[in-house]
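Printed here is protein29.cif (mmCIF, C-alpha atoms and all ligand atoms; chains and numbers go by the auth columns):
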```
data_protein
#
loop_
_atom_site.group_PDB
_atom_site.id
_atom_site.type_symbol
_atom_site.label_atom_id
_atom_site.label_comp_id
_atom_site.label_asym_id
_atom_site.label_seq_id
_atom_site.Cartn_x
_atom_site.Cartn_y
_atom_site.Cartn_z
_atom_site.B_iso_or_equiv
_atom_site.auth_seq_id
_atom_site.auth_asym_id
ATOM 1 C CA MET A 1 0.000 0.000 0.000 0.00 195 A
ATOM 2 C CA ALA A 2 1.105 3.552 -0.566 0.00 196 A
ATOM 3 C CA LYS A 3 0.050 6.934 0.673 0.00 197 A
ATOM 4 C CA LEU A 4 -0.703 9.178 -2.282 0.00 198 A
ATOM 5 C CA ALA A 5 -0.475 12.968 -2.673 0.00 199 A
ATOM 6 C CA ILE A 6 -3.827 14.757 -2.536 0.00 200 A
ATOM 7 C CA LEU A 7 -4.516 17.488 -5.108 0.00 201 A
ATOM 8 C CA GLU A 8 -5.695 20.815 -3.716 0.00 202 A
ATOM 9 C CA PHE A 9 -8.201 23.344 -5.061 0.00 203 A
ATOM 10 C CA PRO A 10 -7.899 25.178 -7.455 0.00 204 A
ATOM 11 C CA ASP A 11 -5.765 22.508 -9.198 0.00 205 A
ATOM 12 C CA PRO A 12 -7.416 22.019 -12.631 0.00 206 A
ATOM 13 C CA ARG A 13 -6.922 18.225 -12.412 0.00 207 A
ATOM 14 C CA LEU A 14 -9.716 18.207 -9.802 0.00 208 A
ATOM 15 C CA ARG A 15 -12.057 19.281 -12.629 0.00 209 A
ATOM 16 C CA LYS A 16 -11.487 16.162 -14.766 0.00 210 A
ATOM 17 C CA ARG A 17 -14.389 13.769 -15.159 0.00 211 A
ATOM 18 C CA ALA A 18 -13.369 10.251 -14.087 0.00 212 A
ATOM 19 C CA LEU A 19 -13.851 7.339 -16.510 0.00 213 A
ATOM 20 C CA PRO A 20 -15.773 4.171 -15.620 0.00 214 A
ATOM 21 C CA VAL A 21 -13.800 1.140 -14.440 0.00 215 A
ATOM 22 C CA SER A 22 -14.301 -1.632 -17.006 0.00 216 A
ATOM 23 C CA ALA A 23 -12.849 -4.507 -14.963 0.00 217 A
ATOM 24 C CA VAL A 24 -12.326 -4.744 -11.216 0.00 218 A
ATOM 25 C CA ASP A 25 -8.804 -6.173 -11.374 0.00 219 A
ATOM 26 C CA LEU A 26 -5.719 -6.196 -9.164 0.00 220 A
ATOM 27 C CA GLU A 27 -4.838 -2.643 -10.207 0.00 221 A
ATOM 28 C CA VAL A 28 -8.242 -1.350 -9.072 0.00 222 A
ATOM 29 C CA ARG A 29 -7.999 -3.228 -5.759 0.00 223 A
ATOM 30 C CA ARG A 30 -4.531 -1.748 -5.221 0.00 224 A
ATOM 31 C CA LEU A 31 -5.952 1.724 -5.934 0.00 225 A
ATOM 32 C CA ILE A 32 -8.671 1.090 -3.306 0.00 226 A
ATOM 33 C CA ASP A 33 -6.024 0.056 -0.734 0.00 227 A
ATOM 34 C CA ASP A 34 -4.003 3.194 -1.481 0.00 228 A
ATOM 35 C CA LEU A 35 -7.102 5.406 -1.245 0.00 229 A
ATOM 36 C CA PHE A 36 -7.947 3.941 2.173 0.00 230 A
ATOM 37 C CA GLU A 37 -4.385 4.377 3.414 0.00 231 A
ATOM 38 C CA THR A 38 -4.284 7.988 2.163 0.00 232 A
ATOM 39 C CA MET A 39 -7.739 8.785 3.616 0.00 233 A
ATOM 40 C CA TYR A 40 -7.015 7.311 7.069 0.00 234 A
ATOM 41 C CA ALA A 41 -3.617 9.033 7.225 0.00 235 A
ATOM 42 C CA ALA A 42 -5.008 12.479 6.282 0.00 236 A
ATOM 43 C CA PRO A 43 -7.309 11.858 8.293 0.00 237 A
ATOM 44 C CA GLY A 44 -10.553 12.081 6.352 0.00 238 A
ATOM 45 C CA ILE A 45 -13.883 10.236 6.077 0.00 239 A
ATOM 46 C CA GLY A 46 -13.984 9.975 2.287 0.00 240 A
ATOM 47 C CA LEU A 47 -11.670 10.134 -0.715 0.00 241 A
ATOM 48 C CA ALA A 48 -12.278 9.931 -4.463 0.00 242 A
ATOM 49 C CA ALA A 49 -9.659 8.683 -6.956 0.00 243 A
ATOM 50 C CA THR A 50 -9.837 12.086 -8.695 0.00 244 A
ATOM 51 C CA GLN A 51 -8.273 13.668 -5.594 0.00 245 A
ATOM 52 C CA VAL A 52 -5.102 11.599 -6.044 0.00 246 A
ATOM 53 C CA ASP A 53 -5.006 12.336 -9.800 0.00 247 A
ATOM 54 C CA VAL A 54 -6.347 8.932 -10.874 0.00 248 A
ATOM 55 C CA HIS A 55 -9.337 9.588 -13.104 0.00 249 A
ATOM 56 C CA ARG A 56 -11.294 6.360 -12.621 0.00 250 A
ATOM 57 C CA ARG A 57 -14.727 6.073 -10.953 0.00 251 A
ATOM 58 C CA VAL A 58 -13.622 4.768 -7.548 0.00 252 A
ATOM 59 C CA LEU A 59 -14.239 6.212 -4.079 0.00 253 A
ATOM 60 C CA VAL A 60 -13.751 5.133 -0.492 0.00 254 A
ATOM 61 C CA ALA A 61 -15.514 6.237 2.696 0.00 255 A
ATOM 62 C CA ASP A 62 -15.491 5.428 6.396 0.00 256 A
ATOM 63 C CA VAL A 63 -17.456 7.684 8.734 0.00 257 A
ATOM 64 C CA SER A 64 -16.761 5.605 11.852 0.00 258 A
ATOM 65 C CA SER A 65 -14.355 7.038 14.415 0.00 259 A
ATOM 66 C CA ASP A 66 -12.214 3.896 14.582 0.00 260 A
ATOM 67 C CA GLY A 67 -11.827 2.766 10.953 0.00 261 A
ATOM 68 C CA SER A 68 -14.350 -0.046 11.429 0.00 262 A
ATOM 69 C CA ASP A 69 -16.787 0.748 8.597 0.00 263 A
ATOM 70 C CA PRO A 70 -14.871 0.949 5.300 0.00 264 A
ATOM 71 C CA HIS A 71 -16.821 1.252 2.042 0.00 265 A
ATOM 72 C CA ALA A 72 -15.274 1.073 -1.427 0.00 266 A
ATOM 73 C CA LEU A 73 -17.568 2.035 -4.322 0.00 267 A
ATOM 74 C CA ILE A 74 -16.648 1.403 -7.949 0.00 268 A
ATOM 75 C CA ASN A 75 -18.706 3.009 -10.754 0.00 269 A
ATOM 76 C CA PRO A 76 -21.261 4.427 -8.270 0.00 270 A
ATOM 77 C CA VAL A 77 -24.572 5.708 -9.667 0.00 271 A
ATOM 78 C CA ILE A 78 -27.237 7.402 -7.556 0.00 272 A
ATOM 79 C CA LEU A 79 -30.571 5.730 -8.400 0.00 273 A
ATOM 80 C CA GLN A 80 -32.755 7.647 -5.978 0.00 274 A
ATOM 81 C CA LYS A 81 -32.533 10.707 -3.707 0.00 275 A
ATOM 82 C CA ASP A 82 -34.911 11.669 -0.909 0.00 276 A
ATOM 83 C CA GLY A 83 -35.177 14.433 1.651 0.00 277 A
ATOM 84 C CA VAL A 84 -32.878 17.344 2.387 0.00 278 A
ATOM 85 C CA ALA A 85 -29.922 17.466 4.754 0.00 279 A
ATOM 86 C CA VAL A 86 -27.853 20.584 5.387 0.00 280 A
ATOM 87 C CA SER A 87 -24.506 20.022 7.040 0.00 281 A
ATOM 88 C CA GLU A 88 -21.098 21.593 7.353 0.00 282 A
ATOM 89 C CA GLU A 89 -18.688 19.980 4.899 0.00 283 A
ATOM 90 C CA GLY A 90 -14.967 20.047 4.537 0.00 284 A
ATOM 91 C CA CYS A 91 -12.706 18.429 1.944 0.00 285 A
ATOM 92 C CA LEU A 92 -9.145 17.110 1.932 0.00 286 A
ATOM 93 C CA SER A 93 -8.687 19.033 -1.334 0.00 287 A
ATOM 94 C CA VAL A 94 -9.871 22.307 0.248 0.00 288 A
ATOM 95 C CA PRO A 95 -7.970 22.182 3.539 0.00 289 A
ATOM 96 C CA GLY A 96 -9.091 24.391 6.400 0.00 290 A
ATOM 97 C CA TYR A 97 -12.513 25.376 5.032 0.00 291 A
ATOM 98 C CA TYR A 98 -15.905 24.211 6.282 0.00 292 A
ATOM 99 C CA GLU A 99 -19.173 25.449 4.810 0.00 293 A
ATOM 100 C CA GLU A 100 -22.822 24.421 4.876 0.00 294 A
ATOM 101 C CA VAL A 101 -23.971 22.416 1.862 0.00 295 A
ATOM 102 C CA GLU A 102 -27.425 21.067 1.054 0.00 296 A
ATOM 103 C CA ARG A 103 -27.621 17.409 -0.046 0.00 297 A
ATOM 104 C CA ALA A 104 -30.192 14.624 -0.231 0.00 298 A
ATOM 105 C CA LYS A 105 -30.788 12.986 3.139 0.00 299 A
ATOM 106 C CA HIS A 106 -31.151 9.480 1.781 0.00 300 A
ATOM 107 C CA ILE A 107 -29.734 7.962 -1.380 0.00 301 A
ATOM 108 C CA ARG A 108 -29.922 4.599 -3.107 0.00 302 A
ATOM 109 C CA VAL A 109 -26.704 3.791 -4.963 0.00 303 A
ATOM 110 C CA ARG A 110 -25.752 1.084 -7.447 0.00 304 A
ATOM 111 C CA TYR A 111 -22.039 0.255 -7.557 0.00 305 A
ATOM 112 C CA GLN A 112 -19.518 -2.564 -7.690 0.00 306 A
ATOM 113 C CA ASP A 113 -17.586 -3.600 -4.615 0.00 307 A
ATOM 114 C CA ARG A 114 -13.909 -4.613 -4.551 0.00 308 A
ATOM 115 C CA SER A 115 -14.768 -8.145 -5.636 0.00 309 A
ATOM 116 C CA GLY A 116 -16.577 -6.754 -8.683 0.00 310 A
ATOM 117 C CA ALA A 117 -20.024 -7.763 -7.372 0.00 311 A
ATOM 118 C CA GLU A 118 -22.882 -5.416 -8.270 0.00 312 A
ATOM 119 C CA ILE A 119 -24.535 -3.934 -5.184 0.00 313 A
ATOM 120 C CA GLU A 120 -27.581 -1.749 -4.578 0.00 314 A
ATOM 121 C CA LYS A 121 -27.490 -0.080 -1.199 0.00 315 A
ATOM 122 C CA ASP A 122 -29.264 2.654 0.768 0.00 316 A
ATOM 123 C CA PHE A 123 -27.161 5.257 2.512 0.00 317 A
ATOM 124 C CA GLU A 124 -28.314 7.826 5.045 0.00 318 A
ATOM 125 C CA GLY A 125 -26.879 10.266 7.557 0.00 319 A
ATOM 126 C CA LEU A 126 -23.247 11.299 7.292 0.00 320 A
ATOM 127 C CA LEU A 127 -22.381 8.378 5.003 0.00 321 A
ATOM 128 C CA ALA A 128 -25.016 9.516 2.455 0.00 322 A
ATOM 129 C CA ILE A 129 -23.566 13.044 2.504 0.00 323 A
ATOM 130 C CA CYS A 130 -20.033 11.693 2.159 0.00 324 A
ATOM 131 C CA VAL A 131 -20.925 9.439 -0.816 0.00 325 A
ATOM 132 C CA GLN A 132 -22.644 12.368 -2.609 0.00 326 A
ATOM 133 C CA HIS A 133 -19.577 14.571 -1.956 0.00 327 A
ATOM 134 C CA GLU A 134 -17.212 11.889 -3.347 0.00 328 A
ATOM 135 C CA ILE A 135 -19.365 11.156 -6.422 0.00 329 A
ATOM 136 C CA ASP A 136 -19.233 14.918 -7.139 0.00 330 A
ATOM 137 C CA HIS A 137 -15.413 14.623 -7.156 0.00 331 A
ATOM 138 C CA LEU A 138 -15.647 11.904 -9.835 0.00 332 A
ATOM 139 C CA ASP A 139 -17.623 14.410 -11.938 0.00 333 A
ATOM 140 C CA GLY A 140 -15.037 17.155 -11.394 0.00 334 A
ATOM 141 C CA LYS A 141 -17.201 18.985 -8.882 0.00 335 A
ATOM 142 C CA LEU A 142 -16.159 20.363 -5.478 0.00 336 A
ATOM 143 C CA PHE A 143 -18.227 21.416 -2.458 0.00 337 A
ATOM 144 C CA VAL A 144 -17.093 25.012 -3.000 0.00 338 A
ATOM 145 C CA ASP A 145 -19.148 24.967 -6.227 0.00 339 A
ATOM 146 C CA TYR A 146 -22.272 25.112 -4.028 0.00 340 A
ATOM 147 C CA LEU A 147 -21.085 28.378 -2.435 0.00 341 A
ATOM 148 C CA SER A 148 -21.397 31.907 -3.804 0.00 342 A
ATOM 149 C CA GLU A 149 -18.831 33.022 -6.402 0.00 343 A
ATOM 150 C CA ALA A 150 -17.509 35.604 -3.901 0.00 344 A
ATOM 151 C CA LYS A 151 -16.923 32.981 -1.215 0.00 345 A
ATOM 152 C CA ARG A 152 -15.353 30.532 -3.687 0.00 346 A
ATOM 153 C CA SER A 153 -12.980 33.170 -5.021 0.00 347 A
ATOM 154 C CA ARG A 154 -11.957 34.159 -1.459 0.00 348 A
ATOM 155 C CA ILE A 155 -11.124 30.501 -0.681 0.00 349 A
ATOM 156 C CA ARG A 156 -9.252 30.159 -4.020 0.00 350 A
ATOM 157 C CA LYS A 157 -7.073 33.210 -3.266 0.00 351 A
ATOM 158 C CA ARG A 158 -6.227 32.107 0.268 0.00 352 A
ATOM 159 C CA LEU A 159 -5.382 28.551 -0.757 0.00 353 A
ATOM 160 C CA LEU A 160 -3.183 29.757 -3.639 0.00 354 A
ATOM 161 C CA ARG A 161 -1.341 32.002 -1.170 0.00 355 A
ATOM 162 C CA ASP A 162 -0.909 29.086 1.291 0.00 356 A
ATOM 163 C CA GLN A 163 0.304 26.785 -1.517 0.00 357 A
ATOM 164 C CA ARG A 164 2.893 29.405 -2.605 0.00 358 A
ATOM 165 C CA GLN A 165 4.096 29.808 0.970 0.00 359 A
ATOM 166 C CA SER A 166 4.429 26.082 1.566 0.00 360 A
ATOM 167 C CA SER A 167 6.368 25.549 -1.672 0.00 361 A
ATOM 168 C CA THR A 168 8.782 28.322 -0.657 0.00 362 A
ATOM 169 C CA ALA A 169 9.153 26.716 2.771 0.00 363 A
ATOM 170 C CA ALA A 170 10.050 23.401 1.129 0.00 364 A
ATOM 171 C CA ILE A 171 12.897 25.001 -0.849 0.00 365 A
ATOM 172 C CA LEU A 172 14.423 26.764 2.194 0.00 366 A
HETATM 173 ZN ZN ZN B . -13.719 16.265 -1.003 0.00 401 B
#
```
The structure given in the file should be rewritten as structure tokens.
Amino acid sequence: MAKLAILEFPDPRLRKRALPVSAVDLEVRRLIDDLFETMYAAPGIGLAATQVDVHRRVLVADVSSDGSDPHALINPVILQKDGVAVSEEGCLSVPGYYEEVERAKHIRVRYQDRSGAEIEKDFEGLLAICVQHEIDHLDGKLFVDYLSEAKRSRIRKRLLRDQRQSSTAAIL
């Protein structure tokens, strides 16, 4: 397993639309292992392949506090959405920012698991919000896209400044 580097907003690679996985092979299972390792190390509760610059439709999530509820979703498709849930979201690709986002409260998702089996599953609560957030990543969308243009541009400027400062620090 390997910990991968996470892309940060406004990196244009976060805007790429991920391609479907045609076969759940060893390479895909290795990607899932690496995504879990990277997510747990960050630490975060969800991570999409797009965030580590791999543009395949794969995401991982674990909203438990002790790493006991891992989910790996390959080629996820939301079949049904119900209700409204507003919660404060953050993102490993937008470090340090938390804003309220409106999502569906309950979703039914069709996906393949790491063995390649096709699954249909209902998600609710934090896990439903997390899966919607990660599927957005696979479509090149970030939670800041739900905010006003003014707020998004403020976050973009501050993150660009932080990224410049940290790259200078690395050289010194
Ligand atoms: Zn995110």
Report task. Would you list the contacts of Lys335 of chain A as number ranges by chain, taking every protein, DNA or RNA residue within 12 Å and counting only C-alpha atoms, but skipping same-chain residues closer than 4 positions in sequence? Result -> A: 203-212, 242, 244-245, 285, 287, 326-331, 339-340
Next, dump the selected residues to file, keeping only C-alpha atoms, as a PDB file, in the coordinates of the input.
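What ended up in result_13.pdb:
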```pdb
ATOM      1  CA  PHE A 203      -8.201  23.344  -5.061  1.00  0.00           C
ATOM      2  CA  PRO A 204      -7.899  25.178  -7.455  1.00  0.00           C
ATOM      3  CA  ASP A 205      -5.765  22.508  -9.198  1.00  0.00           C
ATOM      4  CA  PRO A 206      -7.416  22.019 -12.631  1.00  0.00           C
ATOM      5  CA  ARG A 207      -6.922  18.225 -12.412  1.00  0.00           C
ATOM      6  CA  LEU A 208      -9.716  18.207  -9.802  1.00  0.00           C
ATOM      7  CA  ARG A 209     -12.057  19.281 -12.629  1.00  0.00           C
ATOM      8  CA  LYS A 210     -11.487  16.162 -14.766  1.00  0.00           C
ATOM      9  CA  ARG A 211     -14.389  13.769 -15.159  1.00  0.00           C
ATOM     10  CA  ALA A 212     -13.369  10.251 -14.087  1.00  0.00           C
ATOM     11  CA  ALA A 242     -12.278   9.931  -4.463  1.00  0.00           C
ATOM     12  CA  THR A 244      -9.837  12.086  -8.695  1.00  0.00           C
ATOM     13  CA  GLN A 245      -8.273  13.668  -5.594  1.00  0.00           C
ATOM     14  CA  CYS A 285     -12.706  18.429   1.944  1.00  0.00           C
ATOM     15  CA  SER A 287      -8.687  19.033  -1.334  1.00  0.00           C
ATOM     16  CA  GLN A 326     -22.644  12.368  -2.609  1.00  0.00           C
ATOM     17  CA  HIS A 327     -19.577  14.571  -1.956  1.00  0.00           C
ATOM     18  CA  GLU A 328     -17.212  11.889  -3.347  1.00  0.00           C
ATOM     19  CA  ILE A 329     -19.365  11.156  -6.422  1.00  0.00           C
ATOM     20  CA  ASP A 330     -19.233  14.918  -7.139  1.00  0.00           C
ATOM     21  CA  HIS A 331     -15.413  14.623  -7.156  1.00  0.00           C
ATOM     22  CA  ASP A 339     -19.148  24.967  -6.227  1.00  0.00           C
ATOM     23  CA  TYR A 340     -22.272  25.112  -4.028  1.00  0.00           C
TER      24      TYR A 340
END
```
Review point. Can you tell me, as a list in words, what residues are no more than 12 Å from Pro289 of chain A when counting all atoms listed in the file, ignoring any on the same chain fewer than 2 positions away?
Key: Ile200, Leu201, Glu202, Phe203, Pro204, Ala236, Pro237, Gly238, Glu283, Gly284, Cys285, Leu286, Ser287, Tyr291, Tyr292, Glu293, Phe337, Val338, Ile349, Arg350, Arg352, Leu353, Leu354, Asp356 and Gln357 of chain A
Exercise. Name the residues captured by the PyMOL selection byres (((chain A and resi 229-235) around 9) and not hetatm) when it is applied to the shown file; answer as a list of chain:residue names.
Key: A:Met195, A:Ala196, A:Lys197, A:Leu198, A:Ala199, A:Ile200, A:Arg224, A:Leu225, A:Ile226, A:Asp227, A:Asp228, A:Ala236, A:Pro237, A:Gly238, A:Ile239, A:Gly240, A:Leu241, A:Ala242, A:Ala243, A:Val246, A:Leu253, A:Val254, A:Ala255, A:Asp256, A:Gly261, A:Pro264, A:Ala266, A:Leu286
Next item on the list: For the file shown, report as a VMD selection string the outcome of the PyMOL selection byres (((chain A and resi 281) around 10) and not hetatm) at residue level.
Entry: chain A and resid 278 to 280 282 to 284 292 to 297 320 323
Check the smallest atom-to-atom distance from each of A:Gly334, A:Pro214, A:Lys345, A:Thr362 to ligand ZN 401 (chain B) using all atoms listed in the file, then report the winner.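 Result for the nearest residue to ligand ZN 401 (chain B): A:Gly334.
Considering the residues A:Gly310, A:Gly290, A:Gly319, A:Gly277 and counting only C-alpha atoms and all ligand atoms, ligand ZN 401 (chain B) has its shortest atom-to-atom contact with A:Gly290.
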A:Gln274, A:Ala344, A:Val288, A:Gln359 ranked by distance to ligand ZN 401 (chain B), top pick (using only C-alpha atoms and all ligand atoms)
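Checking each candidate against ligand ZN 401 (chain B), we get A:Val288 as the closest.
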Check your understanding: So, counting all atoms listed in the file, which residue among A:Arg348, A:Val325, A:Leu341, A:His265 is closest to ligand ZN 401 (chain B)?
Key ->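 Counting all atoms listed in the file, the residue closest to ligand ZN 401 (chain B) is A:Val325.
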Can you give me, as a list in words, the residues this file yields under the PyMOL selection byres (((chain A and resi 303) around 9) and not hetatm)?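 Going through the file, the PyMOL selection byres (((chain A and resi 303) around 9) and not hetatm) ends up selecting Pro270, Val271, Ile272, Leu273, Gln274, Ile301, Arg302, Arg304, Tyr305, Ile313, Glu314, Lys315, Asp316 and Phe317 of chain A.
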*asked:* Report, in Å with one decimal, the straight-line distance from atom CA of Asp247 of chain A to atom CA of Val218 of chain A.
replied: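 Separation between atom CA of Asp247 of chain A and atom CA of Val218 of chain A: 18.6 Å.
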Computed gap from atom CA of Ser259 of chain A to atom CA of Glu221 of chain A is 28.1 Å
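We find atom CA of Asp307 of chain A and atom CA of Ser258 of chain A to be spaced 18.9 Å apart.
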- Item | Among the residues A:Glu343, A:Arg358, A:Asp260, A:Leu336, the one that comes closest to ligand ZN 401 (chain B) [using all atoms listed in the file] |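 Closest to ligand ZN 401 (chain B) of all the choices is A:Leu336.
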For ligand ZN 401 (chain B), the closest of A:Lys351, A:Gln306, A:Lys275, A:Leu332 counting all atoms listed in the file is A:Leu332
Render segment 301-314 of chain A from the structure in the preceding block as a file of N, CA, C and O atoms, as a compact mmCIF listing (two decimals), in the first residue's frame.
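The new file result-v5.txt reads:
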```
# COMPACT_ATOMS: atom_id res chain seq x y z
N ILE A 301 -29.98 8.31 0.02
CA ILE A 301 -29.73 7.96 -1.38
C ILE A 301 -29.68 6.44 -1.55
O ILE A 301 -29.30 5.71 -0.64
N ARG A 302 -30.10 6.00 -2.73
CA ARG A 302 -29.92 4.60 -3.11
C ARG A 302 -28.87 4.58 -4.21
O ARG A 302 -28.99 5.33 -5.20
N VAL A 303 -27.83 3.77 -4.03
CA VAL A 303 -26.70 3.79 -4.96
C VAL A 303 -26.46 2.39 -5.53
O VAL A 303 -26.54 1.40 -4.80
N ARG A 304 -26.18 2.34 -6.82
CA ARG A 304 -25.75 1.08 -7.45
C ARG A 304 -24.26 1.21 -7.72
O ARG A 304 -23.80 2.24 -8.24
N TYR A 305 -23.49 0.21 -7.35
CA TYR A 305 -22.04 0.26 -7.56
C TYR A 305 -21.48 -1.16 -7.56
O TYR A 305 -22.22 -2.13 -7.32
N GLN A 306 -20.19 -1.27 -7.83
CA GLN A 306 -19.52 -2.56 -7.69
C GLN A 306 -18.60 -2.48 -6.49
O GLN A 306 -18.00 -1.43 -6.23
N ASP A 307 -18.51 -3.58 -5.75
CA ASP A 307 -17.59 -3.60 -4.62
C ASP A 307 -16.23 -4.11 -5.08
O ASP A 307 -16.02 -4.37 -6.27
N ARG A 308 -15.28 -4.28 -4.14
CA ARG A 308 -13.91 -4.61 -4.55
C ARG A 308 -13.78 -6.01 -5.14
O ARG A 308 -12.75 -6.34 -5.74
N SER A 309 -14.83 -6.83 -4.99
CA SER A 309 -14.77 -8.15 -5.64
C SER A 309 -15.40 -8.08 -7.03
O SER A 309 -15.42 -9.07 -7.76
N GLY A 310 -15.95 -6.91 -7.37
CA GLY A 310 -16.58 -6.75 -8.68
C GLY A 310 -18.07 -7.04 -8.65
O GLY A 310 -18.76 -6.88 -9.67
N ALA A 311 -18.59 -7.46 -7.49
CA ALA A 311 -20.02 -7.76 -7.37
C ALA A 311 -20.85 -6.49 -7.47
O ALA A 311 -20.46 -5.44 -6.94
N GLU A 312 -21.99 -6.58 -8.16
CA GLU A 312 -22.88 -5.42 -8.27
C GLU A 312 -23.79 -5.33 -7.05
O GLU A 312 -24.40 -6.32 -6.66
N ILE A 313 -23.82 -4.14 -6.44
CA ILE A 313 -24.54 -3.93 -5.18
C ILE A 313 -25.52 -2.78 -5.36
O ILE A 313 -25.22 -1.83 -6.07
N GLU A 314 -26.68 -2.90 -4.70
CA GLU A 314 -27.58 -1.75 -4.58
C GLU A 314 -27.78 -1.53 -3.11
O GLU A 314 -28.16 -2.46 -2.38
```
